[in-house]
>>> print(open('start.csv').read())   # CSV, C-alpha atoms and all ligand atoms
chain,number,residue,atom,x,y,z
V,1,MET,CA,102.5,159.3,109.3
V,2,LYS,CA,102.9,158.0,105.7
V,3,ARG,CA,106.1,156.3,106.7
V,4,GLY,CA,104.4,154.6,109.7
V,5,ILE,CA,101.7,153.1,107.4
V,6,LEU,CA,104.4,151.9,105.1
V,7,ILE,CA,106.3,150.2,107.9
V,8,LEU,CA,103.0,148.7,109.2
V,9,ALA,CA,102.1,147.4,105.7
V,10,GLY,CA,105.6,145.9,105.4
V,11,VAL,CA,105.4,144.1,108.8
V,12,LEU,CA,101.9,142.7,107.9
V,13,LEU,CA,103.3,141.5,104.5
V,14,LEU,CA,106.1,139.8,106.3
V,15,PHE,CA,103.7,138.0,108.6
V,16,ALA,CA,101.6,136.9,105.8
V,17,ALA,CA,104.6,135.5,103.9
V,18,LEU,CA,105.8,133.7,107.1
V,19,ALA,CA,102.3,132.2,107.7
V,20,ALA,CA,102.1,131.1,104.0
V,21,SER,CA,105.5,129.5,104.1
V,22,TYR,CA,104.6,127.7,107.4
V,23,LEU,CA,101.4,126.4,105.9
V,24,PHE,CA,103.2,125.1,102.8
V,25,SER,CA,105.9,123.4,104.8
V,26,GLN,CA,103.4,121.5,106.8
V,27,THR,CA,103.7,117.8,106.3
V,28,TYR,CA,101.0,116.4,104.2
V,29,GLN,CA,98.4,114.6,106.3
V,30,PHE,CA,97.7,111.2,104.8
V,31,LYS,CA,94.0,110.3,104.6
V,32,GLY,CA,94.6,106.5,104.9
V,33,SER,CA,96.0,104.9,108.0
V,34,ILE,CA,99.8,104.8,108.4
V,35,LEU,CA,101.5,101.9,110.0
V,36,SER,CA,103.5,102.8,113.0
V,37,SER,CA,106.2,100.4,111.9
V,38,PRO,CA,106.4,99.5,108.2
V,39,ILE,CA,106.4,95.8,107.4
V,40,LYS,CA,108.8,94.4,104.8
V,41,ALA,CA,106.8,92.4,102.2
V,42,PRO,CA,107.5,88.7,102.4
V,43,GLN,CA,109.2,87.4,99.3
V,44,ILE,CA,106.9,84.6,98.3
V,45,MET,CA,106.6,83.5,94.7
V,46,LEU,CA,102.9,83.7,93.7
V,47,ARG,CA,101.5,82.7,90.3
V,48,SER,CA,99.6,84.8,87.7
V,49,VAL,CA,98.7,84.3,84.1
V,50,LYS,CA,101.6,86.7,83.3
V,51,GLY,CA,104.1,84.4,85.1
V,52,PRO,CA,105.5,84.3,88.6
V,53,VAL,CA,104.9,87.3,90.8
V,54,ARG,CA,107.1,88.4,93.8
V,55,LEU,CA,106.4,91.6,95.6
V,56,ASP,CA,110.1,92.5,95.5
V,57,ASP,CA,109.9,92.6,91.7
V,58,PHE,CA,108.1,95.9,91.9
V,59,GLN,CA,110.6,97.8,94.0
V,60,GLY,CA,110.8,101.3,92.7
V,61,LYS,CA,107.0,101.4,92.2
V,62,VAL,CA,104.2,101.8,94.7
V,63,VAL,CA,102.3,98.5,95.0
V,64,LEU,CA,98.6,98.5,95.8
V,65,LEU,CA,97.7,95.2,97.3
V,66,TYR,CA,94.2,93.8,97.8
V,67,PHE,CA,93.4,90.4,99.3
V,68,GLY,CA,90.1,89.0,98.1
V,69,TYR,CA,88.6,86.3,95.9
V,70,THR,CA,86.8,86.5,92.5
V,71,SER,CA,83.5,85.0,93.6
V,72,CYS,CA,83.3,87.9,96.1
V,73,PRO,CA,79.8,89.4,95.4
V,74,ASP,CA,80.3,93.0,96.2
V,75,VAL,CA,83.2,94.1,98.5
V,76,CYS,CA,86.0,93.1,96.1
V,77,PRO,CA,84.6,94.6,92.9
V,78,THR,CA,83.8,97.9,94.7
V,79,ALA,CA,87.3,98.1,96.1
V,80,MET,CA,88.8,97.3,92.7
V,81,ALA,CA,86.6,99.9,91.0
V,82,ASP,CA,87.7,102.5,93.7
V,83,ILE,CA,91.3,101.7,93.0
V,84,LYS,CA,90.8,102.2,89.3
V,85,LEU,CA,89.2,105.6,89.9
V,86,ALA,CA,92.0,106.6,92.3
V,87,LEU,CA,94.5,105.8,89.5
V,88,ALA,CA,92.5,107.7,87.0
V,89,SER,CA,93.0,110.8,89.2
V,90,LEU,CA,96.7,110.6,88.8
V,91,THR,CA,98.7,111.8,85.8
V,92,PRO,CA,99.6,108.9,83.4
V,93,GLU,CA,103.3,109.3,84.5
V,94,GLU,CA,102.2,108.9,88.2
V,95,ALA,CA,99.8,106.0,87.4
V,96,ALA,CA,102.6,104.2,85.6
V,97,GLN,CA,104.5,104.0,88.8
V,98,VAL,CA,101.7,102.2,90.7
V,99,GLN,CA,101.2,98.4,90.3
V,100,VAL,CA,97.9,96.9,91.5
V,101,ILE,CA,98.0,93.3,92.6
V,102,PHE,CA,94.9,91.4,93.6
V,103,ILE,CA,95.8,88.3,95.7
V,104,SER,CA,93.2,85.6,96.0
V,105,VAL,CA,92.8,83.9,99.3
V,106,ASP,CA,90.6,81.2,97.6
V,107,PRO,CA,93.1,79.2,95.6
V,108,ALA,CA,90.6,76.2,95.5
V,109,ARG,CA,88.4,78.2,93.0
V,110,ASP,CA,90.7,81.0,91.7
V,111,THR,CA,93.3,79.8,89.2
V,112,PRO,CA,95.8,82.2,87.8
V,113,GLU,CA,93.6,82.2,84.6
V,114,THR,CA,90.4,83.0,86.4
V,115,LEU,CA,92.3,85.8,88.2
V,116,GLY,CA,93.7,87.1,85.0
V,117,ARG,CA,90.3,87.4,83.5
V,118,TYR,CA,88.9,89.0,86.6
V,119,VAL,CA,91.4,91.8,87.0
V,120,LYS,CA,91.2,92.5,83.3
V,121,LEU,CA,87.6,93.6,83.9
V,122,PHE,CA,89.0,96.5,85.8
V,123,GLN,CA,92.3,97.4,84.1
V,124,ASP,CA,94.6,95.6,81.7
V,125,ASN,CA,97.7,96.0,83.7
V,126,PHE,CA,96.4,94.9,87.1
V,127,ILE,CA,97.8,91.6,88.2
V,128,GLY,CA,95.8,88.8,89.8
V,129,ALA,CA,97.9,86.2,91.6
V,130,THR,CA,97.5,83.4,94.0
V,131,GLY,CA,99.6,80.6,95.6
V,132,THR,CA,99.2,77.5,97.7
V,133,ARG,CA,97.3,77.7,100.9
V,134,GLU,CA,100.6,77.8,102.8
V,135,GLU,CA,102.1,80.6,100.6
V,136,ILE,CA,98.9,82.7,101.1
V,137,ASP,CA,99.0,82.1,104.8
V,138,TRP,CA,102.6,83.2,105.0
V,139,MET,CA,101.7,86.3,103.3
V,140,THR,CA,98.5,87.2,105.2
V,141,ASP,CA,100.2,86.4,108.5
V,142,ALA,CA,103.1,88.7,107.7
V,143,PHE,CA,100.7,91.5,106.7
V,144,GLY,CA,98.2,91.0,109.5
V,145,VAL,CA,95.4,90.2,107.0
V,146,THR,CA,92.7,87.8,108.1
V,147,TYR,CA,90.3,85.6,106.2
V,148,SER,CA,88.2,82.6,106.8
V,149,ILE,CA,86.4,80.2,104.5
V,150,GLU,CA,82.8,79.9,105.5
V,151,PRO,CA,81.0,76.5,105.6
V,152,PRO,CA,79.5,75.6,102.2
V,153,ASP,CA,75.7,75.7,101.5
V,154,GLU,CA,73.7,72.7,100.2
V,155,ASN,CA,75.1,73.4,96.6
V,156,GLY,CA,78.6,73.4,97.9
V,157,ALA,CA,78.9,77.2,97.3
V,158,TYR,CA,80.8,79.0,100.0
V,159,SER,CA,81.9,82.6,100.7
V,160,VAL,CA,85.1,83.8,102.2
V,161,SER,CA,85.2,86.6,104.8
V,162,HIS,CA,88.3,88.6,104.6
V,163,SER,CA,90.0,91.9,105.7
V,164,ALA,CA,88.8,94.4,103.1
V,165,PHE,CA,91.4,97.1,103.1
V,166,THR,CA,93.6,98.3,100.3
V,167,MET,CA,97.2,98.2,101.2
V,168,ALA,CA,100.1,100.2,99.9
V,169,LEU,CA,103.8,99.1,99.7
V,170,ASP,CA,106.2,102.0,99.2
V,171,ARG,CA,108.9,102.1,96.6
V,172,ASP,CA,111.3,100.1,98.9
V,173,GLY,CA,108.8,97.2,99.3
V,174,TYR,CA,107.6,98.1,102.7
V,175,TYR,CA,103.9,97.9,103.6
V,176,VAL,CA,103.4,101.4,104.9
V,177,MET,CA,99.7,102.3,104.8
V,178,SER,CA,96.2,101.2,104.1
V,179,TRP,CA,92.8,102.5,103.3
V,180,ALA,CA,89.6,101.1,104.9
V,181,HIS,CA,86.9,99.7,102.6
V,182,GLY,CA,84.8,102.6,101.2
V,183,ALA,CA,87.6,105.2,101.5
V,184,PRO,CA,86.9,107.9,98.8
V,185,SER,CA,88.9,107.2,95.7
V,186,ALA,CA,89.9,110.9,95.6
V,187,ASP,CA,91.6,110.4,99.0
V,188,ILE,CA,93.4,107.3,97.8
V,189,GLY,CA,94.6,109.1,94.7
V,190,GLU,CA,95.9,112.1,96.7
V,191,ASP,CA,97.7,109.8,99.2
V,192,LEU,CA,99.2,107.9,96.3
V,193,ARG,CA,100.5,111.1,94.8
V,194,HIS,CA,102.3,112.0,98.0
V,195,LEU,CA,103.5,108.4,98.6
V,196,LEU,CA,105.1,108.5,95.1
V,197,LYS,CA,106.6,111.9,95.6
V,198,GLU,CA,107.7,111.8,99.3
V,199,GLY,CA,107.9,108.2,100.1
V,200,ILE,CA,107.5,106.5,103.4
V,201,PRO,CA,104.7,108.3,105.2
V,202,VAL,CA,105.9,107.0,108.6
V,203,SER,CA,108.8,109.4,108.5
V,204,ALA,CA,106.4,112.1,107.6
V,205,LYS,CA,104.5,111.1,110.8
V,206,ILE,CA,107.6,111.1,112.9
V,207,LEU,CA,108.7,114.5,111.5
V,208,ALA,CA,105.4,116.0,112.2
V,209,GLY,CA,105.2,114.6,115.7
V,210,PRO,CA,106.7,115.9,118.9
V,211,THR,CA,109.3,113.1,119.1
V,212,TYR,CA,111.3,114.0,116.1
V,213,THR,CA,114.9,112.8,116.3
V,214,PRO,CA,117.4,113.3,113.5
V,215,VAL,CA,118.4,109.6,113.6
V,216,VAL,CA,115.3,107.7,112.6
V,217,CYS,CA,115.8,104.0,112.1
V,218,ALA,CA,114.1,103.3,108.8
V,219,VAL,CA,114.5,99.6,109.1
V,220,THR,CA,111.8,97.5,110.8
V,221,LEU,CA,112.4,93.9,111.5
V,222,ALA,CA,109.3,91.7,111.9
V,223,PRO,CA,109.9,89.5,115.0
V,224,ALA,CA,108.5,86.5,113.1
V,225,HIS,CA,111.2,86.9,110.4
V,226,VAL,CA,114.0,87.4,112.9
V,227,GLN,CA,112.8,84.2,114.7
V,228,SER,CA,112.7,82.1,111.6
V,229,GLY,CA,115.9,83.7,110.5
V,230,GLN,CA,117.6,82.6,113.7
V,231,TRP,CA,116.6,79.0,113.2
V,232,LEU,CA,117.9,79.1,109.6
V,233,TYR,CA,121.1,80.8,110.6
V,234,GLU,CA,121.8,78.2,113.3
V,235,HIS,CA,121.4,75.4,110.7
V,236,HIS,CA,123.2,76.9,107.8
V,237,CYS,CA,125.6,79.6,108.9
V,238,ALA,CA,126.6,79.2,112.6
V,239,GLN,CA,129.1,76.4,111.9
V,240,CYS,CA,131.4,78.9,110.4
V,241,HIS,CA,130.2,82.3,111.5
V,242,GLY,CA,129.6,81.3,115.1
V,243,LEU,CA,126.4,80.9,117.1
V,244,ASP,CA,127.0,84.5,118.3
V,245,LEU,CA,127.7,85.8,114.8
V,246,ALA,CA,131.2,86.9,116.0
V,247,GLY,CA,133.0,84.9,113.2
V,248,ASN,CA,136.2,83.1,113.5
V,249,PRO,CA,138.5,84.9,116.0
V,250,GLN,CA,141.2,84.8,113.3
V,251,TRP,CA,139.1,86.4,110.6
V,252,GLN,CA,141.3,89.3,110.0
V,253,THR,CA,144.4,87.2,109.3
V,254,GLU,CA,145.0,86.6,105.6
V,255,LEU,CA,145.9,83.0,105.0
V,256,ALA,CA,148.8,81.9,102.8
V,257,ASP,CA,146.4,81.3,99.8
V,258,GLY,CA,144.8,84.8,100.2
V,259,SER,CA,141.6,83.4,101.7
V,260,HIS,CA,140.0,84.4,105.0
V,261,LEU,CA,138.2,82.6,107.8
V,262,ALA,CA,134.5,83.4,108.3
V,263,PRO,CA,134.2,87.0,109.4
V,264,PRO,CA,131.7,88.3,112.0
V,265,LEU,CA,128.3,89.2,110.8
V,266,ASP,CA,127.4,91.2,113.8
V,267,GLY,CA,128.4,94.9,114.3
V,268,SER,CA,132.0,94.0,115.1
V,269,GLY,CA,132.7,93.1,111.5
V,270,ASN,CA,132.2,94.7,108.1
V,271,ALA,CA,128.9,93.1,107.0
V,272,TRP,CA,126.9,96.2,108.0
V,273,LYS,CA,129.1,98.3,105.7
V,274,ILE,CA,128.2,96.2,102.7
V,275,SER,CA,125.2,97.1,100.7
V,276,ARG,CA,122.2,94.8,101.1
V,277,ASN,CA,122.5,93.7,97.4
V,278,ASP,CA,126.1,92.7,97.9
V,279,ILE,CA,125.3,90.7,101.0
V,280,PHE,CA,122.6,88.9,99.1
V,281,ALA,CA,125.0,88.3,96.2
V,282,THR,CA,127.6,86.9,98.6
V,283,ILE,CA,125.1,84.5,100.3
V,284,GLN,CA,123.7,83.4,96.9
V,285,ASN,CA,127.0,83.0,95.0
V,286,GLY,CA,129.5,82.5,97.8
V,287,ARG,CA,133.0,84.0,97.7
V,288,ASN,CA,136.5,82.7,97.0
V,289,LEU,CA,134.9,79.4,95.9
V,290,ASP,CA,138.2,78.2,94.5
V,291,LYS,CA,140.0,78.4,97.8
V,292,PRO,CA,139.8,75.6,100.4
V,293,ILE,CA,138.3,78.0,102.9
V,294,HIS,CA,135.5,79.9,101.4
V,295,MET,CA,132.0,81.2,101.7
V,296,PRO,CA,129.8,78.6,100.1
V,297,ALA,CA,127.0,79.5,97.6
V,298,PHE,CA,123.5,79.0,99.0
V,299,LYS,CA,121.4,79.8,95.9
V,300,SER,CA,120.5,76.1,95.4
V,301,LYS,CA,120.1,75.4,99.1
V,302,LEU,CA,118.0,78.3,100.4
V,303,ALA,CA,114.9,80.1,98.9
V,304,ASP,CA,115.1,83.8,98.5
V,305,TRP,CA,112.8,84.4,101.4
V,306,GLU,CA,114.8,82.1,103.7
V,307,MET,CA,117.9,84.3,102.9
V,308,GLU,CA,115.6,87.3,103.6
V,309,PHE,CA,114.8,85.9,107.0
V,310,ILE,CA,118.4,85.1,107.8
V,311,PHE,CA,119.3,88.7,106.8
V,312,ALA,CA,116.6,89.9,109.2
V,313,TYR,CA,118.2,87.9,112.0
V,314,ILE,CA,121.6,89.3,111.2
V,315,GLN,CA,120.3,92.8,111.1
V,316,SER,CA,118.7,92.3,114.5
V,317,LYS,CA,122.3,92.1,115.8
V,318,TRP,CA,123.2,95.6,114.5
V,319,ASP,CA,122.7,98.9,116.3
V,320,ILE,CA,120.6,101.7,114.9
V,321,ASN,CA,123.5,103.5,113.2
V,322,GLU,CA,124.7,100.3,111.5
V,323,LEU,CA,121.2,99.6,110.3
V,324,ASN,CA,120.7,103.1,109.0
V,325,TYR,CA,124.1,103.1,107.3
V,326,GLN,CA,123.6,99.8,105.6
V,327,HIS,CA,120.2,100.8,104.5
V,328,GLY,CA,121.6,103.9,102.8
V,329,PHE,CA,119.9,106.3,105.2
V,330,MET,CA,123.3,107.6,106.5
V,331,THR,CA,125.9,108.4,104.0
V,332,LEU,CA,128.7,109.4,106.3
V,333,THR,CA,131.0,106.7,107.6
V,334,PRO,CA,130.0,106.7,111.3
V,335,ALA,CA,132.8,106.6,113.8
V,336,PRO,CA,133.4,103.0,114.6
V,337,THR,CA,131.2,102.2,117.6
V,338,LYS,CA,133.0,99.0,118.5
V,339,THR,CA,136.6,98.1,118.2
V,340,PRO,CA,137.0,94.7,116.5
V,341,ALA,CA,138.1,92.0,118.9
V,342,ALA,CA,141.8,91.3,118.8
V,343,PRO,CA,142.6,87.8,117.7
V,344,ILE,CA,143.3,86.1,121.0
V,345,ALA,CA,141.5,82.8,121.0
V,346,PRO,CA,143.5,79.8,119.6
V,347,PHE,CA,143.1,79.0,116.0
V,348,SER,CA,140.2,76.8,115.3
V,349,THR,CA,139.8,75.0,112.1
V,350,VAL,CA,136.7,75.2,110.0
V,351,THR,CA,135.7,72.5,107.6
V,352,PRO,CA,134.3,74.1,104.5
V,353,SER,CA,131.3,72.4,103.2
V,354,PRO,CA,131.8,71.0,99.6
F,1,LIG,C1,131.7,76.7,105.4
F,1,LIG,C2,131.8,77.9,106.2
F,1,LIG,C3,130.7,78.9,105.9
F,1,LIG,C4,129.4,78.8,106.0
F,1,LIG,C5,128.5,77.6,106.3
F,1,LIG,C6,128.8,80.2,105.8
F,1,LIG,N1,129.8,81.1,105.5
F,1,LIG,FE1,129.6,83.0,105.1
F,1,LIG,N2,131.6,83.2,104.9
F,1,LIG,C7,132.6,82.2,105.1
F,1,LIG,C8,133.9,82.7,104.8
F,1,LIG,C9,135.2,81.8,104.9
F,1,LIG,C10,133.7,84.0,104.4
F,1,LIG,C11,134.8,85.0,103.9
F,1,LIG,C12,135.0,84.8,102.5
F,1,LIG,C13,136.1,85.7,101.9
F,1,LIG,O1,136.1,86.9,102.2
F,1,LIG,O2,136.9,85.1,101.2
F,1,LIG,C14,132.3,84.3,104.5
F,1,LIG,C15,131.8,85.6,104.2
F,1,LIG,C16,130.4,85.9,104.4
F,1,LIG,C17,129.9,87.2,104.2
F,1,LIG,C18,130.7,88.5,103.8
F,1,LIG,C19,131.0,89.2,105.1
F,1,LIG,C20,132.0,90.3,104.9
F,1,LIG,O3,132.3,91.0,105.9
F,1,LIG,O4,132.6,90.4,103.9
F,1,LIG,C21,128.6,87.1,104.5
F,1,LIG,C22,127.6,88.2,104.4
F,1,LIG,C23,128.3,85.8,104.9
F,1,LIG,N3,129.4,85.0,104.8
F,1,LIG,C24,127.1,85.3,105.2
F,1,LIG,C25,126.8,84.0,105.5
F,1,LIG,C26,125.5,83.4,105.7
F,1,LIG,C27,124.2,84.3,105.8
F,1,LIG,C28,125.6,82.1,105.9
F,1,LIG,C29,124.5,81.1,106.1
F,1,LIG,C30,123.4,81.1,105.1
F,1,LIG,C31,127.0,81.7,105.7
F,1,LIG,N4,127.7,82.9,105.5
F,1,LIG,C32,127.5,80.5,105.8
F,1,LIG,C33,132.3,80.9,105.5
F,1,LIG,C34,131.0,80.4,105.6
>>> encode(input="start.csv", output="structure tokens")
Amino acid sequence: MKRGILILAGVLLLFAALAASYLFSQTYQFKGSILSSPIKAPQIMLRSVKGPVRLDDFQGKVVLLYFGYTSCPDVCPTAMADIKLALASLTPEEAAQVQVIFISVDPARDTPETLGRYVKLFQDNFIGATGTREEIDWMTDAFGVTYSIEPPDENGAYSVSHSAFTMALDRDGYYVMSWAHGAPSADIGEDLRHLLKEGIPVSAKILAGPTYTPVVCAVTLAPAHVQSGQWLYEHHCAQCHGLDLAGNPQWQTELADGSHLAPPLDGSGNAWKISRNDIFATIQNGRNLDKPIHMPAFKSKLADWEMEFIFAYIQSKWDINELNYQHGFMTLTPAPTKTPAAPIAPFSTVTPSP
């Protein structure tokens, strides 16, 4: 009898332990809304009193982004105050890994100086930035933020209606989630803590959902970027790398002076095996510049964001494994999916640009 009770107690304990471990392993449910596909932040150079601001400069941190304007009577100050409270609920170490950026959609009235004074009212290390109308529109379009300048009253005063949500970019510079206006600052704080600790909530969502697959493509390409990238590619790169990105058919042949003809940039070549940083360095600085056949440097010809768009176009030609591999989400060298084309076509000459 006594033994029976002991066994029963043991079984109950085991169940309790299992239930507890199940509860703890549950993926955290974010309170804010998670984007079904993260958006890479456009690399546009904005201006602030502290100097130029590019969203990419904050990779490694979580960026809280708010689009508004300083003459905004109530919505913007409330949102900024809520953000400040949310940060206060984090430990100082956590809070130091969050950068708040207020972007003005009203560049006619908001100068970098006005914005600097404005954000200082909330917290010293907040950044207030703005750009030209075109730069702001690039950014709001990419993020799906809307705003409109209302007609002025008899004194020339006008208001600006705008999307009033707080956006979060994860440590990799992807816009991954947002909170509606009025979201409790405690919720924002808790989400931030998890965003800092576990990163991309979209993978949390996928993991929690029924459609979990071990290979999740962590790279999302914005169609608008791919499209602009294609145009730029055709005008700057296609002459050597081919309209179809297949490179020169003789790319694997080493020439007498040790140089190579333009290699493929699609999955049939090696570009997807090179880290993103090295690809950018190659595009910026060129390669084998002293050889008659070389990869020219584009740093004085293309803006960073133009290279970003070209890169998006190139990535759109890779398959999911190649994308994941290049992005560092797969560390194993995957079995080659395609065998490189044998050099069959006749040698065609390329004229390197000066
Ligand atoms: C004038 C011809 C030419 C143009 C124009 C050109 N490239 Fe290249 N590119 C080359 C050559 C040649 C190489 C190989 C260099 C070497 O390895 O010595 C190369 C190499 C590369 C590589 C390294 C790939 C690998 O597998 O190692 C990348 C990436 C690249 N180019 C991207 C671009 C992009 C993007 C553009 C357009 C902005 C561009 N190239 C324009 C000739 C060109």
>>> closest_residue(input="start.csv", among="V:Ala157, V:Ala168, V:Ile279, V:Ala303", to="ligand LIG 1 (chain F)", atoms="all atoms listed in the file")
V:Ile279
>>> residues_near_ligand(input="start.csv", ligand="ligand LIG 1 (chain F)", cutoff="8 Å", atoms="all atoms listed in the file", output="PyMOL selection string")
chain V and resi 232-233+235-241+258-265+269-274+279-280+282-283+286-288+293-296+298+302+307+310-311+314+350-353
>>> closest_atom_pairs(input="start.csv", of="region 84-188 of chain V", to="region 58-66 of chain V", cutoff="6 Å", atoms="all atoms listed in the file", output="CSV")
residue,atom,partner,partner_atom,distance
V:Gln97,CA,V:Lys61,CA,5.0
V:Val98,CA,V:Val62,CA,4.7
V:Gln99,CA,V:Val63,CA,4.8
V:Val100,CA,V:Leu64,CA,4.6
V:Ile101,CA,V:Leu65,CA,5.1
V:Phe102,CA,V:Tyr66,CA,4.9
V:Thr166,CA,V:Tyr66,CA,5.2
V:Met167,CA,V:Leu65,CA,4.9
V:Ala168,CA,V:Leu64,CA,4.7
V:Leu169,CA,V:Val63,CA,5.0
V:Asp170,CA,V:Val62,CA,4.9
V:Arg171,CA,V:Gly60,CA,4.4
V:Asp172,CA,V:Gln59,CA,5.5
V:Gly173,CA,V:Gln59,CA,5.6
>>> residues_around(input="start.csv", residues="Ala312 (chain V)", least_positions_apart="3", cutoff="6 Å", atoms="all atoms listed in the file", output="PyMOL selection string")
chain V and resi 226+309+315
>>> write_last_selection(input="start.csv", atoms="C-alpha atoms", output="PDB file, in the coordinates of the input")
ATOM      1  CA  VAL V 226     114.000  87.400 112.900  1.00  0.00           C
ATOM      2  CA  PHE V 309     114.800  85.900 107.000  1.00  0.00           C
ATOM      3  CA  GLN V 315     120.300  92.800 111.100  1.00  0.00           C
TER       4      GLN V 315
END
>>> atom_distance(input="start.csv", atom1="CA of Leu195 (chain V)", atom2="CA of Asn277 (chain V)")
24.1 Å
>>> residues_around(input="start.csv", residues="Gly189 (chain V)", least_positions_apart="6", cutoff="7 Å", atoms="all atoms listed in the file", output="list of chain:residue names")
V:Ala86, V:Leu87, V:Ser89, V:Leu90
>>> closest_residue(input="start.csv", among="V:Val49, V:Leu115, V:Ala79, V:Met139", to="Trp305 (chain V)", atoms="all atoms listed in the file")
V:Met139
>>> atom_distance(input="start.csv", atom1="CA of Ala297 (chain V)", atom2="CA of Leu221 (chain V)")
24.8 Å
>>> closest_residue(input="start.csv", among="V:Phe122, V:Tyr158, V:Phe143, V:Trp231", to="Arg109 (chain V)", atoms="only C-alpha atoms")
V:Tyr158
>>> atom_distance(input="start.csv", atom1="CA of Asp82 (chain V)", atom2="CA of Ser185 (chain V)")
5.2 Å
>>> closest_residue(input="start.csv", among="V:Phe67, V:Tyr118, V:Phe165, V:Trp138", to="Gly182 (chain V)", atoms="all atoms listed in the file")
V:Phe165
>>> build_atoms(input="start.csv", residues="region 115-120 of chain V", atoms="all heavy atoms", output="PDB file, in the frame of the given file")
ATOM      1  N   LEU V 115      91.861  84.522  87.664  1.00  0.00           N
ATOM      2  CA  LEU V 115      92.300  85.800  88.200  1.00  0.00           C
ATOM      3  C   LEU V 115      92.668  86.787  87.135  1.00  0.00           C
ATOM      4  O   LEU V 115      92.358  87.978  87.220  1.00  0.00           O
ATOM      5  CB  LEU V 115      93.435  85.603  89.191  1.00  0.00           C
ATOM      6  CG  LEU V 115      93.007  85.100  90.560  1.00  0.00           C
ATOM      7  CD1 LEU V 115      94.153  84.408  91.268  1.00  0.00           C
ATOM      8  CD2 LEU V 115      92.493  86.260  91.396  1.00  0.00           C
ATOM      9  N   GLY V 116      93.330  86.265  86.096  1.00  0.00           N
ATOM     10  CA  GLY V 116      93.700  87.100  85.000  1.00  0.00           C
ATOM     11  C   GLY V 116      92.527  87.736  84.326  1.00  0.00           C
ATOM     12  O   GLY V 116      92.499  88.937  84.047  1.00  0.00           O
ATOM     13  N   ARG V 117      91.499  86.895  84.094  1.00  0.00           N
ATOM     14  CA  ARG V 117      90.300  87.400  83.500  1.00  0.00           C
ATOM     15  C   ARG V 117      89.591  88.427  84.367  1.00  0.00           C
ATOM     16  O   ARG V 117      89.090  89.445  83.920  1.00  0.00           O
ATOM     17  CB  ARG V 117      89.317  86.250  83.158  1.00  0.00           C
ATOM     18  CG  ARG V 117      89.693  85.459  81.915  1.00  0.00           C
ATOM     19  CD  ARG V 117      88.529  84.586  81.455  1.00  0.00           C
ATOM     20  NE  ARG V 117      88.142  83.600  82.459  1.00  0.00           N
ATOM     21  CZ  ARG V 117      88.733  82.411  82.600  1.00  0.00           C
ATOM     22  NH1 ARG V 117      89.709  82.069  81.784  1.00  0.00           N
ATOM     23  NH2 ARG V 117      88.335  81.565  83.527  1.00  0.00           N
ATOM     24  N   TYR V 118      89.601  88.132  85.672  1.00  0.00           N
ATOM     25  CA  TYR V 118      88.900  89.000  86.600  1.00  0.00           C
ATOM     26  C   TYR V 118      89.507  90.392  86.680  1.00  0.00           C
ATOM     27  O   TYR V 118      88.795  91.374  86.526  1.00  0.00           O
ATOM     28  CB  TYR V 118      88.980  88.327  88.023  1.00  0.00           C
ATOM     29  CG  TYR V 118      88.296  89.097  89.119  1.00  0.00           C
ATOM     30  CD1 TYR V 118      86.909  89.112  89.223  1.00  0.00           C
ATOM     31  CD2 TYR V 118      89.035  89.804  90.061  1.00  0.00           C
ATOM     32  CE1 TYR V 118      86.275  89.815  90.241  1.00  0.00           C
ATOM     33  CE2 TYR V 118      88.413  90.510  91.081  1.00  0.00           C
ATOM     34  CZ  TYR V 118      87.042  90.509  91.165  1.00  0.00           C
ATOM     35  OH  TYR V 118      86.423  91.204  92.165  1.00  0.00           O
ATOM     36  N   VAL V 119      90.832  90.472  86.856  1.00  0.00           N
ATOM     37  CA  VAL V 119      91.400  91.800  87.000  1.00  0.00           C
ATOM     38  C   VAL V 119      91.327  92.606  85.688  1.00  0.00           C
ATOM     39  O   VAL V 119      91.253  93.824  85.701  1.00  0.00           O
ATOM     40  CB  VAL V 119      92.891  91.778  87.496  1.00  0.00           C
ATOM     41  CG1 VAL V 119      92.949  91.274  88.917  1.00  0.00           C
ATOM     42  CG2 VAL V 119      93.778  90.962  86.589  1.00  0.00           C
ATOM     43  N   LYS V 120      91.295  91.880  84.571  1.00  0.00           N
ATOM     44  CA  LYS V 120      91.200  92.500  83.300  1.00  0.00           C
ATOM     45  C   LYS V 120      89.863  93.313  83.142  1.00  0.00           C
ATOM     46  O   LYS V 120      89.766  94.296  82.404  1.00  0.00           O
ATOM     47  CB  LYS V 120      91.228  91.489  82.159  1.00  0.00           C
ATOM     48  CG  LYS V 120      92.405  91.696  81.211  1.00  0.00           C
ATOM     49  CD  LYS V 120      92.371  90.733  80.097  1.00  0.00           C
ATOM     50  CE  LYS V 120      92.781  91.503  78.851  1.00  0.00           C
ATOM     51  NZ  LYS V 120      93.427  90.754  77.880  1.00  0.00           N
TER      52      LYS V 120
END
